[in-house]
Structure formats: structure tokens, C-alpha cells
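Trainee: Sending over data-v7.cif (mmCIF, C-alpha atoms).
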```cif
data_run
#
loop_
_atom_site.label_atom_id
_atom_site.label_comp_id
_atom_site.auth_asym_id
_atom_site.auth_seq_id
_atom_site.Cartn_x
_atom_site.Cartn_y
_atom_site.Cartn_z
CA MET A 21 -10.38 -10.72 12.49
CA ARG A 22 -13.60 -12.42 11.43
CA VAL A 23 -15.74 -11.41 14.41
CA LEU A 24 -18.59 -9.74 12.55
CA PHE A 25 -20.83 -12.80 12.93
CA SER A 26 -19.63 -13.91 16.38
CA THR A 27 -20.34 -12.83 19.95
CA LYS A 28 -16.93 -14.03 21.13
CA MET A 29 -13.36 -13.42 19.96
CA VAL A 30 -10.03 -15.01 20.84
CA VAL A 31 -7.39 -12.34 21.43
CA LEU A 32 -3.63 -12.82 21.78
CA ALA A 33 -2.40 -10.17 24.19
CA ARG A 34 0.60 -9.45 26.37
CA THR A 35 -0.30 -9.73 30.05
CA SER A 36 3.24 -9.55 31.48
CA GLY A 37 6.90 -9.19 30.50
CA ASN A 38 8.41 -7.01 27.79
CA ILE A 39 7.69 -6.60 24.08
CA GLY A 40 9.56 -9.29 22.16
CA ASP A 41 9.57 -11.84 25.00
CA LYS A 42 8.06 -15.23 24.20
CA GLN A 43 6.73 -15.54 27.71
CA GLY A 44 4.03 -13.24 29.02
CA VAL A 45 1.65 -13.62 26.08
CA SER A 46 -1.84 -14.95 26.87
CA LEU A 47 -4.97 -16.03 25.00
CA LEU A 48 -8.21 -14.40 26.09
CA LEU A 49 -11.81 -15.24 25.19
CA ILE A 50 -13.54 -11.85 25.05
CA ASP A 51 -17.19 -11.01 24.58
CA SER A 52 -17.56 -8.75 21.53
CA LYS A 53 -20.09 -6.66 23.46
CA THR A 54 -17.55 -5.74 26.13
CA SER A 55 -17.42 -2.02 26.89
CA GLY A 56 -14.55 -0.41 25.00
CA VAL A 57 -14.51 -3.00 22.20
CA GLU A 58 -15.29 -1.62 18.74
CA ILE A 59 -15.76 -3.80 15.64
CA HIS A 60 -15.59 -2.29 12.15
CA LYS A 61 -16.24 -4.32 8.99
CA LEU A 62 -13.64 -3.95 6.26
CA ASP A 63 -14.81 -3.40 2.69
CA LEU A 64 -12.35 -5.76 1.02
CA MET A 65 -11.86 -6.24 -2.72
CA GLY A 66 -11.81 -10.04 -2.29
CA ILE A 67 -13.23 -12.78 -0.02
CA ARG A 68 -16.08 -10.37 0.62
CA GLY A 69 -18.27 -13.02 2.22
CA ALA A 70 -15.82 -13.65 5.06
CA GLY A 71 -16.93 -10.68 7.16
CA VAL A 72 -13.37 -9.58 7.92
CA SER A 73 -13.26 -6.76 10.46
CA TYR A 74 -10.78 -4.85 12.55
CA VAL A 75 -11.14 -4.47 16.31
CA LYS A 76 -10.29 -1.47 18.44
CA PHE A 77 -9.81 -1.70 22.20
CA ASN A 78 -10.44 1.60 23.97
CA ASN A 79 -9.60 1.02 27.66
CA ALA A 80 -11.49 -2.27 27.51
CA ARG A 81 -11.26 -4.21 30.80
CA VAL A 82 -11.92 -7.94 31.05
CA PRO A 83 -11.89 -10.29 34.06
CA LYS A 84 -8.95 -12.62 34.64
CA ASP A 85 -11.10 -15.70 34.02
CA THR A 86 -11.23 -14.79 30.31
CA ILE A 87 -7.68 -16.19 29.99
CA ILE A 88 -7.56 -19.50 28.13
CA GLY A 89 -5.11 -21.98 29.62
CA LYS A 90 -2.11 -20.80 31.63
CA GLU A 91 -1.44 -17.07 31.80
CA GLY A 92 1.61 -15.93 29.86
CA ASP A 93 2.12 -19.30 28.15
CA ALA A 94 0.31 -18.86 24.84
CA TYR A 95 3.31 -18.47 22.53
CA LYS A 96 3.66 -22.14 21.56
CA GLY A 97 -0.07 -22.42 21.02
CA ALA A 98 0.01 -19.32 18.85
CA ILE A 99 2.74 -20.87 16.67
CA LYS A 100 0.64 -24.02 16.24
CA ALA A 101 -2.38 -21.90 15.34
CA LEU A 102 -0.24 -20.04 12.81
CA MET A 103 0.79 -23.33 11.21
CA VAL A 104 -2.83 -24.39 10.84
CA SER A 105 -4.09 -21.04 9.60
CA ARG A 106 -1.27 -20.51 7.09
CA ASN A 107 -1.80 -23.95 5.67
CA GLY A 108 -5.53 -23.32 5.68
CA TYR A 109 -4.98 -20.24 3.54
CA ALA A 110 -2.74 -22.31 1.29
CA GLY A 111 -5.67 -24.66 0.82
CA ILE A 112 -7.97 -21.75 -0.04
CA ALA A 113 -5.41 -20.46 -2.54
CA VAL A 114 -5.16 -23.90 -4.14
CA GLY A 115 -8.95 -23.92 -4.49
CA ILE A 116 -8.91 -20.49 -6.15
CA ALA A 117 -6.13 -21.61 -8.49
CA ARG A 118 -7.92 -24.83 -9.40
CA GLY A 119 -11.21 -23.01 -9.92
CA SER A 120 -9.46 -20.47 -12.16
CA LEU A 121 -7.80 -23.26 -14.13
CA ASP A 122 -11.11 -25.06 -14.64
CA GLU A 123 -12.76 -21.88 -15.87
CA ALA A 124 -9.85 -21.16 -18.22
CA VAL A 125 -9.81 -24.69 -19.66
CA ASN A 126 -13.59 -24.72 -20.19
CA ARG A 127 -13.42 -21.37 -21.96
CA ALA A 128 -10.43 -22.38 -24.06
CA ASN A 129 -12.17 -25.57 -25.16
CA ALA A 130 -15.47 -23.88 -25.97
CA ARG A 131 -14.28 -20.74 -27.78
CA LYS A 132 -12.95 -20.93 -31.34
CA GLN A 133 -10.68 -18.55 -33.23
CA PHE A 134 -9.32 -18.93 -36.75
CA GLY A 135 -11.13 -22.24 -37.15
CA LYS A 136 -9.86 -24.00 -34.02
CA SER A 137 -10.37 -23.98 -30.27
CA LEU A 138 -8.35 -21.58 -28.16
CA ILE A 139 -6.74 -24.50 -26.33
CA ASP A 140 -5.28 -25.63 -29.66
CA GLN A 141 -3.49 -22.30 -30.00
CA GLU A 142 0.05 -23.12 -28.92
CA TRP A 143 0.49 -20.13 -26.56
CA ILE A 144 -2.73 -20.85 -24.70
CA GLY A 145 -2.25 -24.62 -24.58
CA PHE A 146 1.28 -24.27 -23.20
CA ASN A 147 0.25 -21.70 -20.59
CA LEU A 148 -2.64 -23.86 -19.40
CA SER A 149 -0.31 -26.86 -19.13
CA ASP A 150 2.15 -24.78 -17.10
CA ALA A 151 -0.70 -23.59 -14.86
CA PHE A 152 -1.89 -27.16 -14.29
CA ILE A 153 1.58 -28.26 -13.18
CA LYS A 154 1.84 -25.33 -10.75
CA VAL A 155 -1.60 -25.98 -9.27
CA GLU A 156 -0.66 -29.61 -8.64
CA ALA A 157 2.65 -28.57 -7.06
CA ALA A 158 0.86 -26.11 -4.77
CA ARG A 159 -1.65 -28.78 -3.79
CA LEU A 160 1.08 -31.27 -2.89
CA LEU A 161 3.01 -28.69 -0.85
CA THR A 162 -0.16 -27.96 1.10
CA LEU A 163 -0.86 -31.65 1.72
CA ARG A 164 2.75 -32.17 2.86
CA ALA A 165 2.53 -29.43 5.48
CA ALA A 166 -0.83 -30.77 6.69
CA TYR A 167 0.62 -34.29 6.93
CA LEU A 168 3.54 -33.10 9.06
CA PHE A 169 1.22 -31.17 11.35
CA ASP A 170 -1.03 -34.23 11.74
CA LYS A 171 2.07 -36.18 12.82
CA GLY A 172 2.67 -33.66 15.61
CA LYS A 173 5.73 -32.07 14.00
CA GLU A 174 6.47 -28.35 13.81
CA ALA A 175 5.77 -27.45 10.21
CA LEU A 176 5.69 -23.66 10.21
CA SER A 177 8.32 -23.37 7.46
CA GLU A 178 6.53 -26.01 5.38
CA ALA A 179 3.25 -24.15 5.86
CA SER A 180 4.99 -20.95 4.77
CA MET A 181 6.28 -22.66 1.62
CA ALA A 182 2.81 -23.98 0.83
CA LYS A 183 1.12 -20.66 1.53
CA TYR A 184 3.62 -18.69 -0.54
CA TYR A 185 3.55 -20.96 -3.57
CA ALA A 186 -0.20 -21.48 -3.50
CA ALA A 187 -0.83 -17.72 -3.21
CA VAL A 188 1.53 -16.89 -6.08
CA THR A 189 0.00 -19.66 -8.19
CA SER A 190 -3.58 -18.55 -7.51
CA ALA A 191 -2.73 -15.00 -8.60
CA GLU A 192 -0.94 -16.21 -11.73
CA VAL A 193 -3.61 -18.71 -12.81
CA SER A 194 -6.54 -16.38 -12.11
CA ARG A 195 -4.80 -13.71 -14.21
CA LEU A 196 -4.38 -16.24 -17.03
CA ALA A 197 -8.08 -17.13 -16.80
CA LEU A 198 -8.97 -13.45 -17.03
CA HIS A 199 -6.86 -13.10 -20.18
CA ILE A 200 -8.47 -16.13 -21.80
CA TYR A 201 -11.95 -14.82 -21.05
CA GLY A 202 -11.05 -11.48 -22.60
CA GLY A 203 -13.47 -8.59 -22.19
CA HIS A 204 -16.12 -10.82 -20.65
CA GLY A 205 -13.75 -11.63 -17.80
CA LEU A 206 -13.56 -7.95 -16.89
CA THR A 207 -17.30 -7.78 -16.30
CA ARG A 208 -18.20 -7.13 -12.68
CA GLY A 209 -19.82 -10.26 -11.31
CA SER A 210 -18.18 -12.76 -13.66
CA LYS A 211 -16.67 -15.80 -11.93
CA VAL A 212 -13.12 -15.21 -13.13
CA GLU A 213 -13.29 -11.57 -12.02
CA ARG A 214 -14.18 -12.71 -8.52
CA LEU A 215 -11.45 -15.36 -8.50
CA TYR A 216 -8.92 -12.73 -9.58
CA ARG A 217 -9.91 -10.45 -6.70
CA ASP A 218 -9.88 -13.30 -4.19
CA SER A 219 -6.43 -14.43 -5.32
CA LYS A 220 -4.86 -11.09 -4.43
CA VAL A 221 -6.09 -11.45 -0.86
CA MET A 222 -4.18 -14.74 -0.62
CA GLU A 223 -0.90 -12.91 -1.25
CA ILE A 224 -1.50 -10.61 1.73
CA ALA A 225 -3.75 -12.26 4.32
CA GLU A 226 -2.18 -14.41 7.05
CA GLY A 227 1.24 -13.00 6.19
CA THR A 228 2.41 -11.46 2.93
CA ASN A 229 4.46 -13.38 0.39
CA GLU A 230 7.58 -11.69 1.73
CA MET A 231 6.81 -12.85 5.28
CA GLN A 232 6.50 -16.44 4.06
CA LEU A 233 9.91 -16.17 2.37
CA MET A 234 11.40 -14.90 5.62
CA GLY A 235 10.09 -18.02 7.33
CA VAL A 236 11.63 -20.25 4.69
CA SER A 237 14.97 -18.43 4.98
CA ARG A 238 15.06 -19.31 8.69
CA LEU A 239 14.71 -22.97 7.70
CA LEU A 240 17.68 -22.63 5.35
CA LYS A 241 19.82 -21.17 8.14
CA LYS A 242 19.27 -24.33 10.18
CA GLN A 243 20.47 -26.62 7.42
#
```
Take the structure from the file and write it as C-alpha cells.

Mentor:
Amino acid sequence: MRVLFSTKMVVLARTSGNIGDKQGVSLLLIDSKTSGVEIHKLDLMGIRGAGVSYVKFNNARVPKDTIIGKEGDAYKGAIKALMVSRNGYAGIAVGIARGSLDEAVNRANARKQFGKSLIDQEWIGFNLSDAFIKVEAARLLTLRAAYLFDKGKEALSEASMAKYYAAVTSAEVSRLALHIYGGHGLTRGSKVERLYRDSKVMEIAEGTNEMQLMGVSRLLKKQ
């Protein structure tokens, strides 16, 4: 949860029914100062500016008018929110991947070894070309999921595909950038070091890579 800088939080909670039921889940708008609500900032390795925190509820009581919409009918809305947020994280991952690629290309063009630029070394040139193709593929997958959502279609599986591939690509390309920078890339505070840390968060936040693959497998079962 990113509630460190907010006085309100939206909470998905069961208000009736049994665990596992789609019905009985409600959205609540809760004041972060409510008695029994504790907010603790997480010291993450990446996306450190996001203010990500975890929230503990210790016998917190809230009035019924904190419910958003109809009580017990938040499941469909939660799925839509998941589509948007997963694809949003895919977009972030694409940005990290593209930023890493730009840094790697600039470094490979500027640095020379054995009388020629690093980018002219076959191994580096081929790897950068491969990275560029993957970044473009991740970008197009993300745009496709966003397009379907804009058209009012359920695109959770498409968002999962985009999020998975973009996250994997951001980790791979940021690692390549770190290798091309060499020892300088390992320096705390360097741009590629930060991109590398941020990329790892993309493989975990808003559902791990394995969770995204589970979503895609459900799509395959329907075909």
C-alpha cells in the first residue's frame, strides 16, 4: 500500500459470506488516522520514492458509510482495478527497460576498447539489438492491453502477459546495462544501479512473474 503520504486509503475487505466467495467483498474508504490502524513504511531496495507501506488493523472499527458503492459487490470492480494496475506496472517496467537500454547504448557508443567503440564489439552489439527488440515487444504488449481495456473489454490475461514480459525484460536489460558499465555501474547512486534495483521490484510487485503465468494459463484453458 502507498498510504504514507495520504490521509485516506481504499481497502478491499470481506463484509459477509465465506472466504473464497466472489460475493461479500466490499470497498471501504478509511481514514488513515482511525484508531487501530497502523502504517509502517517499508525500506525497499527499489522504487524507494514510492512510499510503499504495510498496514495493520488491530480491532479497527469503521462506520458503514465508509463503504464505496454497494456492499458485498466489489469483486468485479477489484478485477478491473487489477487490470489497470497490472498494466500500469507493465508500463513502469517498460520505462525502466527503455531507460536501461538508453544508458547502455550511450555507454557502448562512448567507451572504446581495443581501438573501437564497445557497440562495435559483436557480443555487445548483438545483445543491445536483442534488448531493443524485447523492449519494443514489451511496449506493444502493454499498449495492446491498454487498448482492450479502453474498449471496455476484460483484459486481465493480456495485462498479465504485458506485466510478465515487461518485468522480465526490464530485469534482463538493466542487468545488461550494468555489465556494460562495468565497475562504475556497481557504484551506489549510479543511474544503472538504481534501474537494476527498480527492475527487480517489477518482478514481484502487483503479482509475481509466476502469478502472471498462472493468469495466462487460464486464458489457454479457455481456447

Trainee: So how many Å separate atom CA of A:Pro83 and atom CA of A:Glu58, to one decimal?

Mentor: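 Pair atom CA of A:Pro83 / atom CA of A:Glu58 returns 17.9 Å.
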
Trainee: Go through A:Gly92, A:Gly119, A:Gly71, A:Gly56 one by one, measure the shortest atom-to-atom distance of each to A:Ser36 using only C-alpha atoms, and give the residue with the smallest value.

Mentor: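 Among A:Gly92, A:Gly119, A:Gly71, A:Gly56, it is A:Gly92 that comes nearest to A:Ser36.
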
Trainee: Excluding same-chain residues fewer than 5 positions from A:Ile50, what lies within 8 Å of it counting all atoms listed in the file, as a list of chain:residue names?

Mentor: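 That gives A:Lys28, A:Met29, A:Val30, A:Val31, A:Val82, A:Thr86.
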
Trainee: If you apply the PyMOL selection byres ((chain A and resi 106) around 7) to this file, what residues do you get, as a PyMOL selection string?

Mentor: chain A and resi 102-105+107-110+179-180+183+226

Trainee: Could you write out the selected residues, including C-alpha atoms, as a compact mmCIF listing (two decimals), in the coordinates of the input?

Mentor:
```
# COMPACT_ATOMS: atom_id res chain seq x y z
CA LEU A 102 -0.24 -20.04 12.81
CA MET A 103 0.79 -23.33 11.21
CA VAL A 104 -2.83 -24.39 10.84
CA SER A 105 -4.09 -21.04 9.60
CA ASN A 107 -1.80 -23.95 5.67
CA GLY A 108 -5.53 -23.32 5.68
CA TYR A 109 -4.98 -20.24 3.54
CA ALA A 110 -2.74 -22.31 1.29
CA ALA A 179 3.25 -24.15 5.86
CA SER A 180 4.99 -20.95 4.77
CA LYS A 183 1.12 -20.66 1.53
CA GLU A 226 -2.18 -14.41 7.05
```

Trainee: Considering only C-alpha atoms, can you say which of A:Ser210, A:Thr228, A:Ser120, A:Ser237 comes closest to A:Arg195?

Mentor: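 Using only C-alpha atoms, A:Arg195 sits closest to A:Ser120.
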
Trainee: The PyMOL selection byres ((chain A and resi 199-207) around 10) on the file shown: which residues, as a ChimeraX atom specification?

Mentor: /A:123-125,127-128,131,138-139,144,148,193-198,208-214,216

Trainee: Find the residue from A:Ile88, A:Ala70, A:Ala187, A:Ile116 that sits nearest to A:Glu230; use only C-alpha atoms when measuring.

Mentor: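 Using only C-alpha atoms, the shortest distance to A:Glu230 belongs to A:Ala187.
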
Trainee: Take the point (-18.5, -6.1, 7.1) in the file's coordinates, draw a sphere of radius 7 Å around it, and report as an NGL selection string every protein, DNA or RNA residue with an atom inside or on it, counting all atoms listed in the file.

Mentor: :A and (24 or 60-63 or 71-73)

Trainee: Output the selection as an mmCIF file, in the frame of the given file - C-alpha atoms for each residue.

Mentor:
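What ended up in part.cif:
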```
data_model
loop_
_atom_site.group_PDB
_atom_site.id
_atom_site.type_symbol
_atom_site.label_atom_id
_atom_site.label_comp_id
_atom_site.auth_asym_id
_atom_site.auth_seq_id
_atom_site.Cartn_x
_atom_site.Cartn_y
_atom_site.Cartn_z
ATOM 1 C CA LEU A 24 -18.590 -9.740 12.550
ATOM 2 C CA HIS A 60 -15.590 -2.290 12.150
ATOM 3 C CA LYS A 61 -16.240 -4.320 8.990
ATOM 4 C CA LEU A 62 -13.640 -3.950 6.260
ATOM 5 C CA ASP A 63 -14.810 -3.400 2.690
ATOM 6 C CA GLY A 71 -16.930 -10.680 7.160
ATOM 7 C CA VAL A 72 -13.370 -9.580 7.920
ATOM 8 C CA SER A 73 -13.260 -6.760 10.460
#
```

Trainee: What separation in Å, quoted to one decimal, exists between atom CA of A:Gln133 and atom CA of A:Asn147?

Mentor: 17.0 Å

Trainee: Between A:Met181, A:Ala113, A:Met234, A:Ile99, which one has atoms that come closest to A:Lys42, using only C-alpha atoms?

Mentor: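 Using only C-alpha atoms, A:Lys42 sits closest to A:Ile99.
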
Trainee: Could you work out how far atom CA of A:Tyr184 lies from atom CA of A:Asn229, giving the answer in Å with one decimal?

Mentor: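 We find that atom CA of A:Asn229 and atom CA of A:Tyr184 lie 5.5 Å from each other.
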
Trainee: With distances taken over all atoms listed in the file, which residue among A:Ala182, A:Lys132, A:Ala94, A:Ile112 lies nearest A:Leu163?

Mentor: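 Closest candidate: A:Ala182.
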
Trainee: Find the residues around A:Arg118 up to 8 Å (all atoms listed in the file counted), leave out those fewer than 4 positions away in its own chain, and share them as a PyMOL selection string.

Mentor: chain A and resi 114+122+155+190

Trainee: Which residue is closest to A:Asn78? Choose from A:Ala225, A:Lys96, A:Ala157, A:Ser55 and count only C-alpha atoms.

Mentor: A:Ser55

Trainee: For the structure shown, which residues end up in the PyMOL selection byres ((chain A and resi 67) around 10)? Put them as JSON, numbers by chain, please?

Mentor: {"A": [63, 64, 65, 66, 68, 69, 70, 71, 72, 214, 215, 217, 218, 219, 220, 221, 222]}

Trainee: From the coordinates supplied, stretch 153-184 of chain A should be written with N, CA, C and O atoms, as a PDB file, in the first residue's frame.

Mentor:
```pdb
ATOM      1  N   ILE A 153      14.800  -5.149 -29.307  1.00  0.00           N
ATOM      2  CA  ILE A 153      13.640  -5.884 -29.812  1.00  0.00           C
ATOM      3  C   ILE A 153      12.701  -6.252 -28.664  1.00  0.00           C
ATOM      4  O   ILE A 153      11.465  -6.110 -28.764  1.00  0.00           O
ATOM      5  N   LYS A 154      13.264  -6.712 -27.555  1.00  0.00           N
ATOM      6  CA  LYS A 154      12.443  -7.117 -26.405  1.00  0.00           C
ATOM      7  C   LYS A 154      11.738  -5.927 -25.763  1.00  0.00           C
ATOM      8  O   LYS A 154      10.578  -6.038 -25.325  1.00  0.00           O
ATOM      9  N   VAL A 155      12.410  -4.790 -25.696  1.00  0.00           N
ATOM     10  CA  VAL A 155      11.777  -3.592 -25.139  1.00  0.00           C
ATOM     11  C   VAL A 155      10.590  -3.174 -26.004  1.00  0.00           C
ATOM     12  O   VAL A 155       9.519  -2.824 -25.497  1.00  0.00           O
ATOM     13  N   GLU A 156      10.758  -3.215 -27.314  1.00  0.00           N
ATOM     14  CA  GLU A 156       9.667  -2.861 -28.218  1.00  0.00           C
ATOM     15  C   GLU A 156       8.512  -3.854 -28.092  1.00  0.00           C
ATOM     16  O   GLU A 156       7.338  -3.458 -28.108  1.00  0.00           O
ATOM     17  N   ALA A 157       8.810  -5.135 -27.964  1.00  0.00           N
ATOM     18  CA  ALA A 157       7.765  -6.144 -27.797  1.00  0.00           C
ATOM     19  C   ALA A 157       6.992  -5.918 -26.500  1.00  0.00           C
ATOM     20  O   ALA A 157       5.751  -6.015 -26.469  1.00  0.00           O
ATOM     21  N   ALA A 158       7.704  -5.605 -25.421  1.00  0.00           N
ATOM     22  CA  ALA A 158       7.058  -5.335 -24.136  1.00  0.00           C
ATOM     23  C   ALA A 158       6.169  -4.094 -24.230  1.00  0.00           C
ATOM     24  O   ALA A 158       5.055  -4.063 -23.681  1.00  0.00           O
ATOM     25  N   ARG A 159       6.654  -3.089 -24.925  1.00  0.00           N
ATOM     26  CA  ARG A 159       5.873  -1.857 -25.091  1.00  0.00           C
ATOM     27  C   ARG A 159       4.576  -2.130 -25.848  1.00  0.00           C
ATOM     28  O   ARG A 159       3.498  -1.644 -25.460  1.00  0.00           O
ATOM     29  N   LEU A 160       4.652  -2.910 -26.908  1.00  0.00           N
ATOM     30  CA  LEU A 160       3.466  -3.199 -27.710  1.00  0.00           C
ATOM     31  C   LEU A 160       2.469  -4.075 -26.955  1.00  0.00           C
ATOM     32  O   LEU A 160       1.252  -3.894 -27.085  1.00  0.00           O
ATOM     33  N   LEU A 161       2.952  -5.034 -26.169  1.00  0.00           N
ATOM     34  CA  LEU A 161       2.058  -5.834 -25.337  1.00  0.00           C
ATOM     35  C   LEU A 161       1.305  -4.961 -24.337  1.00  0.00           C
ATOM     36  O   LEU A 161       0.106  -5.152 -24.091  1.00  0.00           O
ATOM     37  N   THR A 162       2.004  -3.997 -23.777  1.00  0.00           N
ATOM     38  CA  THR A 162       1.394  -3.093 -22.802  1.00  0.00           C
ATOM     39  C   THR A 162       0.344  -2.208 -23.464  1.00  0.00           C
ATOM     40  O   THR A 162      -0.755  -2.003 -22.923  1.00  0.00           O
ATOM     41  N   LEU A 163       0.654  -1.688 -24.643  1.00  0.00           N
ATOM     42  CA  LEU A 163      -0.303  -0.857 -25.375  1.00  0.00           C
ATOM     43  C   LEU A 163      -1.533  -1.674 -25.793  1.00  0.00           C
ATOM     44  O   LEU A 163      -2.664  -1.162 -25.771  1.00  0.00           O
ATOM     45  N   ARG A 164      -1.323  -2.929 -26.150  1.00  0.00           N
ATOM     46  CA  ARG A 164      -2.442  -3.791 -26.547  1.00  0.00           C
ATOM     47  C   ARG A 164      -3.416  -4.004 -25.393  1.00  0.00           C
ATOM     48  O   ARG A 164      -4.645  -3.892 -25.573  1.00  0.00           O
ATOM     49  N   ALA A 165      -2.893  -4.292 -24.222  1.00  0.00           N
ATOM     50  CA  ALA A 165      -3.760  -4.492 -23.057  1.00  0.00           C
ATOM     51  C   ALA A 165      -4.506  -3.203 -22.714  1.00  0.00           C
ATOM     52  O   ALA A 165      -5.699  -3.230 -22.392  1.00  0.00           O
ATOM     53  N   ALA A 166      -3.820  -2.070 -22.799  1.00  0.00           N
ATOM     54  CA  ALA A 166      -4.455  -0.784 -22.510  1.00  0.00           C
ATOM     55  C   ALA A 166      -5.555  -0.484 -23.526  1.00  0.00           C
ATOM     56  O   ALA A 166      -6.631   0.035 -23.169  1.00  0.00           O
ATOM     57  N   TYR A 167      -5.304  -0.815 -24.782  1.00  0.00           N
ATOM     58  CA  TYR A 167      -6.307  -0.599 -25.839  1.00  0.00           C
ATOM     59  C   TYR A 167      -7.570  -1.411 -25.566  1.00  0.00           C
ATOM     60  O   TYR A 167      -8.696  -0.901 -25.668  1.00  0.00           O
ATOM     61  N   LEU A 168      -7.393  -2.679 -25.202  1.00  0.00           N
ATOM     62  CA  LEU A 168      -8.545  -3.535 -24.924  1.00  0.00           C
ATOM     63  C   LEU A 168      -9.337  -3.013 -23.729  1.00  0.00           C
ATOM     64  O   LEU A 168     -10.577  -3.021 -23.734  1.00  0.00           O
ATOM     65  N   PHE A 169      -8.629  -2.560 -22.706  1.00  0.00           N
ATOM     66  CA  PHE A 169      -9.306  -2.031 -21.526  1.00  0.00           C
ATOM     67  C   PHE A 169     -10.078  -0.764 -21.880  1.00  0.00           C
ATOM     68  O   PHE A 169     -11.203  -0.552 -21.420  1.00  0.00           O
ATOM     69  N   ASP A 170      -9.491   0.099 -22.707  1.00  0.00           N
ATOM     70  CA  ASP A 170     -10.173   1.320 -23.141  1.00  0.00           C
ATOM     71  C   ASP A 170     -11.446   1.009 -23.922  1.00  0.00           C
ATOM     72  O   ASP A 170     -12.395   1.798 -23.918  1.00  0.00           O
ATOM     73  N   LYS A 171     -11.467  -0.138 -24.597  1.00  0.00           N
ATOM     74  CA  LYS A 171     -12.641  -0.560 -25.360  1.00  0.00           C
ATOM     75  C   LYS A 171     -13.691  -1.241 -24.478  1.00  0.00           C
ATOM     76  O   LYS A 171     -14.710  -1.707 -24.973  1.00  0.00           O
ATOM     77  N   GLY A 172     -13.432  -1.300 -23.178  1.00  0.00           N
ATOM     78  CA  GLY A 172     -14.393  -1.892 -22.257  1.00  0.00           C
ATOM     79  C   GLY A 172     -14.350  -3.400 -22.181  1.00  0.00           C
ATOM     80  O   GLY A 172     -15.271  -4.024 -21.641  1.00  0.00           O
ATOM     81  N   LYS A 173     -13.290  -4.014 -22.695  1.00  0.00           N
ATOM     82  CA  LYS A 173     -13.177  -5.472 -22.674  1.00  0.00           C
ATOM     83  C   LYS A 173     -12.364  -5.938 -21.469  1.00  0.00           C
ATOM     84  O   LYS A 173     -11.495  -5.213 -20.993  1.00  0.00           O
ATOM     85  N   GLU A 174     -12.675  -7.155 -20.991  1.00  0.00           N
ATOM     86  CA  GLU A 174     -11.870  -7.714 -19.904  1.00  0.00           C
ATOM     87  C   GLU A 174     -10.516  -8.133 -20.473  1.00  0.00           C
ATOM     88  O   GLU A 174     -10.439  -8.936 -21.404  1.00  0.00           O
ATOM     89  N   ALA A 175      -9.475  -7.576 -19.913  1.00  0.00           N
ATOM     90  CA  ALA A 175      -8.133  -7.800 -20.464  1.00  0.00           C
ATOM     91  C   ALA A 175      -7.144  -8.188 -19.376  1.00  0.00           C
ATOM     92  O   ALA A 175      -5.970  -7.823 -19.434  1.00  0.00           O
ATOM     93  N   LEU A 176      -7.636  -8.945 -18.379  1.00  0.00           N
ATOM     94  CA  LEU A 176      -6.758  -9.313 -17.274  1.00  0.00           C
ATOM     95  C   LEU A 176      -5.619 -10.209 -17.741  1.00  0.00           C
ATOM     96  O   LEU A 176      -4.463 -10.035 -17.340  1.00  0.00           O
ATOM     97  N   SER A 177      -5.922 -11.187 -18.615  1.00  0.00           N
ATOM     98  CA  SER A 177      -4.871 -12.070 -19.117  1.00  0.00           C
ATOM     99  C   SER A 177      -3.869 -11.305 -19.971  1.00  0.00           C
ATOM    100  O   SER A 177      -2.655 -11.527 -19.890  1.00  0.00           O
ATOM    101  N   GLU A 178      -4.370 -10.370 -20.787  1.00  0.00           N
ATOM    102  CA  GLU A 178      -3.483  -9.548 -21.614  1.00  0.00           C
ATOM    103  C   GLU A 178      -2.606  -8.654 -20.743  1.00  0.00           C
ATOM    104  O   GLU A 178      -1.422  -8.457 -21.050  1.00  0.00           O
ATOM    105  N   ALA A 179      -3.188  -8.126 -19.661  1.00  0.00           N
ATOM    106  CA  ALA A 179      -2.401  -7.318 -18.731  1.00  0.00           C
ATOM    107  C   ALA A 179      -1.342  -8.164 -18.032  1.00  0.00           C
ATOM    108  O   ALA A 179      -0.222  -7.701 -17.782  1.00  0.00           O
ATOM    109  N   SER A 180      -1.687  -9.413 -17.734  1.00  0.00           N
ATOM    110  CA  SER A 180      -0.726 -10.332 -17.124  1.00  0.00           C
ATOM    111  C   SER A 180       0.428 -10.630 -18.074  1.00  0.00           C
ATOM    112  O   SER A 180       1.594 -10.674 -17.661  1.00  0.00           O
ATOM    113  N   MET A 181       0.099 -10.828 -19.358  1.00  0.00           N
ATOM    114  CA  MET A 181       1.151 -11.069 -20.352  1.00  0.00           C
ATOM    115  C   MET A 181       2.089  -9.867 -20.439  1.00  0.00           C
ATOM    116  O   MET A 181       3.315 -10.015 -20.467  1.00  0.00           O
ATOM    117  N   ALA A 182       1.491  -8.678 -20.498  1.00  0.00           N
ATOM    118  CA  ALA A 182       2.291  -7.460 -20.605  1.00  0.00           C
ATOM    119  C   ALA A 182       3.159  -7.256 -19.372  1.00  0.00           C
ATOM    120  O   ALA A 182       4.350  -6.945 -19.477  1.00  0.00           O
ATOM    121  N   LYS A 183       2.556  -7.476 -18.198  1.00  0.00           N
ATOM    122  CA  LYS A 183       3.296  -7.257 -16.957  1.00  0.00           C
ATOM    123  C   LYS A 183       4.438  -8.261 -16.821  1.00  0.00           C
ATOM    124  O   LYS A 183       5.554  -7.903 -16.428  1.00  0.00           O
ATOM    125  N   TYR A 184       4.168  -9.514 -17.146  1.00  0.00           N
ATOM    126  CA  TYR A 184       5.208 -10.540 -17.063  1.00  0.00           C
ATOM    127  C   TYR A 184       6.368 -10.220 -17.998  1.00  0.00           C
ATOM    128  O   TYR A 184       7.529 -10.191 -17.578  1.00  0.00           O
TER     129      TYR A 184
END
```
